[in-house]
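Enquirer: Sharing a structure here in structure tokens format.
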Amino acid sequence: MDIDGETEENSRRVQVRFVTKLKPPLKAPPTSIAIPPNLTRLGLSTLVNNLLQSGNPDWKLEPFDFLIDGELVRMSLEKFLLAKGISAEKVLEIEYTKAVAPRKEEEPSFHDDWVSAVDGSDPRFIVTGCYDGLARLWKASGVCTHVLEGHSDVVASVGIINPEGAEAVTLATASKDRTLRLWKFDTEEPINNPINVRAFKILRGHRESVQSVAAQKTGDMVCSGSWDSTINLWRTNDNTDGDLVSIKKRKVNDQADESQLEGEAVSTLVGHTQCVSSVVWPQHETIYSASWDHSVRRWDVETGKDLTDIFCGKVLTCIDVGGESSALIAAGASDPILRIWDPRKPGTSAPVFQFSSHTSWVSACKWHKKSWFHLVSASYDGKVMLWDLRTAWPLAVIESHRDKVLCADWWRGDSVVSGGADSKLSISSGIPVL
């Protein structure tokens, strides 16, 4: 057999045993075999496929990733063992998993302008925000079911308030028109054309563009980050208690339309000195924010106090919290490095991981909800990258966009959705993270 250019005549061999947590028919025989030491991931994958095919003539080729001592192999076996100081004298145990990369690119869903925001937290649909001032719901590739009208400028951020909720869906949108809007509707599929939806509540109070919105887990409140350097907290209820400012009635063809509430912020978090580019609300009493002032901050919702400051010396563009115990902070920057901090460790100003494969601003980062290791990033370099904390190299580079990628998220656990300056929503599916 000739694998990766290595012939049978080569006397150098490494004794290995392939193991896996995958179920049959993906389990290779557990016997040890001798292989050339210069095999890369591609060669190892070919070898495992040959082993699986020998016991199953109907086997279809499957790309695999490989781990040694819990670290992904991203160089030749020989170089990896040398770099890690691992002896090749004993039988080497190599774990293989399905390669985390898209198996399919769906047909793109085109918009009338740049796609600036996306949320895939509900498996029933995808929400996008667009430079044309509209938000849209997509049931599948090319299938738009709802159009959310009302903003007078770019929709910079979208957030599903009740992803686990009932049939009725509640959404929040943030816009460069300085407002947020709340929307509520049923998700039944329209017969012909998409349903046009109007917000039930307009939230006013920011003095500049609203850049980001995030919902509290209970769905009772949302927070927003703005170019005015503040974070506002808002109630999402649709009754007339508490934060009601006014009730407006709109006339359509001289007929009074339904009431539309206006709300004001119930509190404001002050501390950032430049644009608050991104906010997340992962725990009931804790909000995280990233800013152009080079800082990540952790806020106590009840007291409004800034509990933690992490400075990295670069403009920060996006933030997410997840990974191990949902405790790791990921943030993208202008330099353009994706950094990961673990605030549980002392000296948290130093990142525990840094990923530097992008070549322009990192515009989005998102942890996979059910994995300690995996996250996705998007960049102005036109690429979407899949990452695993167990290697410094991207698992996969998705190049489905022809221009800047402005947003990205996971959808249904095995797909990545992204939008950009090419005015399309892309869906990369069949990604076996789990």
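Every chain in the structure tokens takes a letter, A first, then B, and so on in the order presented; its residues are numbered from 1, and the ligands are numbered from 1 following the presented order.
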Show me, as an MDAnalysis selection string, the residues that have an atom within 10 Å of Ser209 in chain A when counting only C-alpha atoms, minus same-chain residues fewer than 2 positions from it.
Expert: chainID A and resid 153:156 174:180 206:207 211:212 225:228 275
Enquirer: Residues at most 7 Å from Leu425 in chain A, counting only C-alpha atoms, excluding those fewer than 3 positions away in the same chain, as a list in words?
Expert: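 The residues satisfying every condition are Pro108, Ser109, Phe110, Val115, Val417, Ser418 and Gly419 of chain A.
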Enquirer: Could you save the residues just selected, with all heavy atoms, as a PDB file, in the first residue's frame?
Expert:
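As written to disk, out-v8.pdb reads:
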```pdb
ATOM      1  N   PRO A 108     -28.218  29.488  -1.487  1.00  0.00           N
ATOM      2  CA  PRO A 108     -28.261  30.722  -0.686  1.00  0.00           C
ATOM      3  C   PRO A 108     -29.641  31.376  -0.712  1.00  0.00           C
ATOM      4  O   PRO A 108     -30.402  31.209  -1.666  1.00  0.00           O
ATOM      5  CB  PRO A 108     -27.211  31.611  -1.349  1.00  0.00           C
ATOM      6  CG  PRO A 108     -27.090  31.098  -2.748  1.00  0.00           C
ATOM      7  CD  PRO A 108     -27.350  29.625  -2.666  1.00  0.00           C
ATOM      8  N   SER A 109     -29.952  32.115   0.348  1.00  0.00           N
ATOM      9  CA  SER A 109     -31.198  32.883   0.446  1.00  0.00           C
ATOM     10  C   SER A 109     -30.836  34.354   0.259  1.00  0.00           C
ATOM     11  O   SER A 109     -30.190  34.954   1.112  1.00  0.00           O
ATOM     12  CB  SER A 109     -31.860  32.663   1.809  1.00  0.00           C
ATOM     13  OG  SER A 109     -32.108  31.287   2.010  1.00  0.00           O
ATOM     14  N   PHE A 110     -31.258  34.927  -0.858  1.00  0.00           N
ATOM     15  CA  PHE A 110     -30.831  36.272  -1.217  1.00  0.00           C
ATOM     16  C   PHE A 110     -31.709  37.347  -0.573  1.00  0.00           C
ATOM     17  O   PHE A 110     -32.914  37.188  -0.425  1.00  0.00           O
ATOM     18  CB  PHE A 110     -30.817  36.434  -2.735  1.00  0.00           C
ATOM     19  CG  PHE A 110     -29.680  35.714  -3.393  1.00  0.00           C
ATOM     20  CD1 PHE A 110     -29.875  34.464  -3.970  1.00  0.00           C
ATOM     21  CD2 PHE A 110     -28.400  36.262  -3.392  1.00  0.00           C
ATOM     22  CE1 PHE A 110     -28.812  33.790  -4.556  1.00  0.00           C
ATOM     23  CE2 PHE A 110     -27.340  35.596  -3.972  1.00  0.00           C
ATOM     24  CZ  PHE A 110     -27.540  34.348  -4.556  1.00  0.00           C
ATOM     25  N   VAL A 115     -26.541  41.377   4.547  1.00  0.00           N
ATOM     26  CA  VAL A 115     -27.114  40.647   5.684  1.00  0.00           C
ATOM     27  C   VAL A 115     -26.223  40.906   6.895  1.00  0.00           C
ATOM     28  O   VAL A 115     -25.078  40.451   6.953  1.00  0.00           O
ATOM     29  CB  VAL A 115     -27.223  39.142   5.391  1.00  0.00           C
ATOM     30  CG1 VAL A 115     -27.833  38.409   6.584  1.00  0.00           C
ATOM     31  CG2 VAL A 115     -28.061  38.905   4.136  1.00  0.00           C
ATOM     32  N   VAL A 417     -25.023  28.991   9.895  1.00  0.00           N
ATOM     33  CA  VAL A 417     -25.691  29.984   9.054  1.00  0.00           C
ATOM     34  C   VAL A 417     -24.871  31.274   9.125  1.00  0.00           C
ATOM     35  O   VAL A 417     -24.360  31.640  10.176  1.00  0.00           O
ATOM     36  CB  VAL A 417     -27.147  30.221   9.504  1.00  0.00           C
ATOM     37  CG1 VAL A 417     -27.984  28.993   9.223  1.00  0.00           C
ATOM     38  CG2 VAL A 417     -27.242  30.569  10.988  1.00  0.00           C
ATOM     39  N   SER A 418     -24.765  31.947   7.977  1.00  0.00           N
ATOM     40  CA  SER A 418     -23.940  33.154   7.931  1.00  0.00           C
ATOM     41  C   SER A 418     -24.499  34.122   6.898  1.00  0.00           C
ATOM     42  O   SER A 418     -25.158  33.717   5.937  1.00  0.00           O
ATOM     43  CB  SER A 418     -22.489  32.808   7.596  1.00  0.00           C
ATOM     44  OG  SER A 418     -22.404  32.088   6.365  1.00  0.00           O
ATOM     45  N   GLY A 419     -24.232  35.411   7.119  1.00  0.00           N
ATOM     46  CA  GLY A 419     -24.686  36.440   6.196  1.00  0.00           C
ATOM     47  C   GLY A 419     -23.594  37.463   5.984  1.00  0.00           C
ATOM     48  O   GLY A 419     -22.700  37.625   6.823  1.00  0.00           O
TER      49      GLY A 419
END
```
Enquirer: Quick one: contact table of range 311-349 of chain A to range 369-378 of chain A, 10 Å max, nearest atom pair and distance in Å to one decimal per residue, counting only C-alpha atoms, chain and number order, as CSV?
Expert:
```
residue,atom,partner,partner_atom,distance
A:Cys318,CA,A:Ser377,CA,9.7
A:Asp320,CA,A:Leu375,CA,9.6
A:Val321,CA,A:Lys369,CA,9.8
A:Gly322,CA,A:Lys369,CA,7.1
A:Gly323,CA,A:Trp372,CA,4.0
A:Glu324,CA,A:Trp372,CA,4.6
A:Ser325,CA,A:Trp372,CA,7.5
A:Ser326,CA,A:Trp372,CA,7.9
A:Ala327,CA,A:Trp372,CA,9.7
A:Leu328,CA,A:Trp372,CA,9.2
A:Ala330,CA,A:Leu375,CA,8.9
A:Ala331,CA,A:Ser377,CA,9.5
A:Gly332,CA,A:Ser377,CA,8.0
A:Leu338,CA,A:Ser377,CA,7.9
```
Enquirer: Can you pull out every residue from range 172-220 of chain A that DSSP, working from the backbone, puts in strand (DSSP E), and format the result as a VMD selection string?
Expert: chain A and resid 172 to 175 179 to 186 195 to 198 201 to 204 210 to 215
Enquirer: Quick check, in Å to one decimal: how far apart do CA of Arg204 in chain A and CA of Thr236 in chain A lie?
Expert: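 Atom-to-atom, CA of Arg204 in chain A and CA of Thr236 in chain A are spaced 13.0 Å apart.
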Enquirer: In Å, with one decimal, what is the gap from CA of Ala135 in chain A to CA of Ala117 in chain A?
Expert: 8.8 Å
Enquirer: Residues within 9 Å of Glu78 in chain A, please, as a count of residues only. Count only C-alpha atoms; anything in the same chain fewer than 5 positions from it doesn't count.
Expert: 8
Enquirer: Any idea what's packed within 12 Å of Leu386 in chain A, counting only C-alpha atoms, ignoring anything in its chain fewer than 6 positions away? Could you give it as a PyMOL selection string?
Expert: chain A and resi 99-102+338+355+357-358+364-368+373-379+392-399+408-410+414-417+428+431-433
Enquirer: Export, as a compact mmCIF listing (two decimals), in the first residue's frame, the selected residues with C-alpha atoms.
Expert:
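Printed below is again_14.txt as written:
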```txt
# COMPACT_ATOMS: atom_id res chain seq x y z
CA ALA A 99 -14.30 15.37 10.74
CA VAL A 100 -16.10 18.54 11.80
CA ALA A 101 -16.73 20.08 8.38
CA PRO A 102 -19.85 20.79 6.31
CA LEU A 338 -10.18 35.29 18.08
CA PHE A 355 -6.73 31.74 16.98
CA SER A 357 -6.06 32.31 10.89
CA HIS A 358 -8.38 35.13 9.82
CA ALA A 364 -18.79 37.14 14.76
CA CYS A 365 -18.04 34.25 17.12
CA LYS A 366 -20.43 31.67 18.55
CA TRP A 367 -19.97 28.64 20.78
CA HIS A 368 -21.72 25.39 19.93
CA PHE A 373 -14.63 22.54 22.37
CA HIS A 374 -16.31 23.90 19.23
CA LEU A 375 -17.06 27.41 18.04
CA VAL A 376 -17.56 29.24 14.77
CA SER A 377 -16.15 32.60 13.66
CA ALA A 378 -16.79 34.93 10.73
CA SER A 379 -14.62 37.67 9.29
CA ALA A 392 -4.68 25.95 16.89
CA TRP A 393 -5.71 25.39 13.27
CA PRO A 394 -9.28 25.72 11.96
CA LEU A 395 -11.14 22.44 11.50
CA ALA A 396 -12.79 23.79 8.38
CA VAL A 397 -12.83 27.00 6.35
CA ILE A 398 -16.20 27.76 4.74
CA GLU A 399 -15.88 29.99 1.69
CA ALA A 408 -22.68 33.72 11.80
CA ASP A 409 -24.42 31.27 14.12
CA TRP A 410 -25.10 27.56 14.64
CA ASP A 414 -25.21 20.53 12.77
CA SER A 415 -25.39 23.59 10.51
CA VAL A 416 -23.73 26.99 10.34
CA VAL A 417 -25.69 29.98 9.05
CA SER A 428 -23.58 24.99 5.58
CA ILE A 431 -21.50 19.21 10.39
CA PRO A 432 -21.06 16.28 12.85
CA VAL A 433 -20.01 18.15 15.99
```
Enquirer: Give me, please, the distance in Å between CA of Arg297 in chain A and CA of Gly219 in chain A, quoted to one decimal.
Expert: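 Computed distance, CA of Arg297 in chain A to CA of Gly219 in chain A, equals 22.0 Å.
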Enquirer: Using only C-alpha atoms, which residue out of A:Val197, A:Leu261, A:Val213, A:Val315 lies closest to Thr273 in chain A?
Expert: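 Using only C-alpha atoms, the shortest distance to Thr273 in chain A belongs to A:Val315.
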Enquirer: So which residues touch Asp381 in chain A within 9 Å, counting only C-alpha atoms, skipping near sequence neighbours fewer than 2 positions away, as JSON, numbers by chain?
Expert: {"A": [358, 359, 360, 361, 362, 378, 379, 383, 384, 403, 404, 405]}
Enquirer: Please return as a VMD selection string: the residues of range 7-99 of chain A that backbone DSSP assigns to helix (DSSP H, G or I).
Expert: chain A and resid 41 to 54 77 to 84
Enquirer: Selected residues, C-alpha atoms, written as an mmCIF file, in the first residue's frame, please.
Expert:
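In the end it all went to out.cif:
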```cif
data_model
loop_
_atom_site.group_PDB
_atom_site.id
_atom_site.type_symbol
_atom_site.label_atom_id
_atom_site.label_comp_id
_atom_site.auth_asym_id
_atom_site.auth_seq_id
_atom_site.Cartn_x
_atom_site.Cartn_y
_atom_site.Cartn_z
ATOM 1 C CA ARG A 41 -4.576 13.466 8.785
ATOM 2 C CA LEU A 42 -5.533 12.672 5.184
ATOM 3 C CA GLY A 43 -3.402 9.533 5.165
ATOM 4 C CA LEU A 44 -4.736 8.407 8.546
ATOM 5 C CA SER A 45 -8.290 8.999 7.322
ATOM 6 C CA THR A 46 -7.615 6.905 4.210
ATOM 7 C CA LEU A 47 -6.206 4.137 6.379
ATOM 8 C CA VAL A 48 -9.209 4.063 8.734
ATOM 9 C CA ASN A 49 -11.602 4.087 5.770
ATOM 10 C CA ASN A 50 -9.714 1.094 4.315
ATOM 11 C CA LEU A 51 -10.047 -0.754 7.635
ATOM 12 C CA LEU A 52 -13.773 -0.035 7.803
ATOM 13 C CA GLN A 53 -14.260 -0.974 4.164
ATOM 14 C CA SER A 54 -12.513 -4.328 4.632
ATOM 15 C CA LEU A 77 2.377 11.827 12.832
ATOM 16 C CA GLU A 78 6.156 11.978 13.097
ATOM 17 C CA LYS A 79 6.231 15.744 13.632
ATOM 18 C CA PHE A 80 3.392 15.582 16.154
ATOM 19 C CA LEU A 81 5.132 12.927 18.281
ATOM 20 C CA LEU A 82 8.377 14.903 18.172
ATOM 21 C CA ALA A 83 6.661 18.191 19.104
ATOM 22 C CA LYS A 84 4.833 16.590 22.031
#
```
Enquirer: Between A:Ser152, A:Gln354, A:Ser76, A:Thr145, which is the closest to Thr187 in chain A once you count only C-alpha atoms?
Expert: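 Closest candidate: A:Thr145.
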Enquirer: Would you pick out the contacts of Arg298 in chain A at 8 Å or less, using only C-alpha atoms, so that residues sharing its chain but fewer than 2 positions from it are not included, and give the list as a CSV table (one decimal) with N, CA, C and O atoms, in the first residue's frame?
Expert:
```
chain,number,residue,atom,x,y,z
A,286,THR,N,-26.2,38.0,35.1
A,286,THR,CA,-24.9,38.4,34.6
A,286,THR,C,-24.9,38.7,33.1
A,286,THR,O,-25.4,37.9,32.3
A,287,ILE,N,-24.4,39.8,32.7
A,287,ILE,CA,-24.3,40.2,31.3
A,287,ILE,C,-22.8,40.4,31.0
A,287,ILE,O,-22.1,40.9,31.8
A,288,TYR,N,-22.4,40.0,29.8
A,288,TYR,CA,-21.1,40.2,29.3
A,288,TYR,C,-21.2,41.2,28.1
A,288,TYR,O,-22.1,41.1,27.3
A,289,SER,N,-20.2,42.0,27.9
A,289,SER,CA,-20.1,43.0,26.8
A,289,SER,C,-18.7,43.1,26.3
A,289,SER,O,-17.7,42.9,27.0
A,296,VAL,N,-13.5,43.7,27.6
A,296,VAL,CA,-14.6,42.8,27.9
A,296,VAL,C,-15.0,43.0,29.3
A,296,VAL,O,-14.2,43.1,30.2
A,300,ASP,N,-23.1,42.8,36.9
A,300,ASP,CA,-24.1,42.3,37.8
A,300,ASP,C,-25.4,43.0,37.5
A,300,ASP,O,-25.5,44.3,37.6
A,306,ASP,N,-19.9,46.8,37.4
A,306,ASP,CA,-19.0,46.2,36.5
A,306,ASP,C,-18.1,45.3,37.4
A,306,ASP,O,-17.3,45.8,38.1
A,307,LEU,N,-18.2,43.9,37.3
A,307,LEU,CA,-17.5,43.0,38.1
A,307,LEU,C,-16.1,42.6,37.6
A,307,LEU,O,-15.2,42.4,38.4
A,308,THR,N,-16.0,42.6,36.3
A,308,THR,CA,-14.7,42.1,35.7
A,308,THR,C,-14.4,42.9,34.5
A,308,THR,O,-15.3,43.2,33.7
A,309,ASP,N,-13.2,43.4,34.4
A,309,ASP,CA,-12.7,44.0,33.2
A,309,ASP,C,-11.5,43.2,32.6
A,309,ASP,O,-10.6,42.9,33.3
```
Enquirer: Which residue is closest to Glu262 in chain A? Choose from A:Arg339, A:Lys217, A:Arg17, A:Arg181 and count only C-alpha atoms.
Expert: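 Of the candidates, the smallest distance to Glu262 in chain A is held by A:Arg181.
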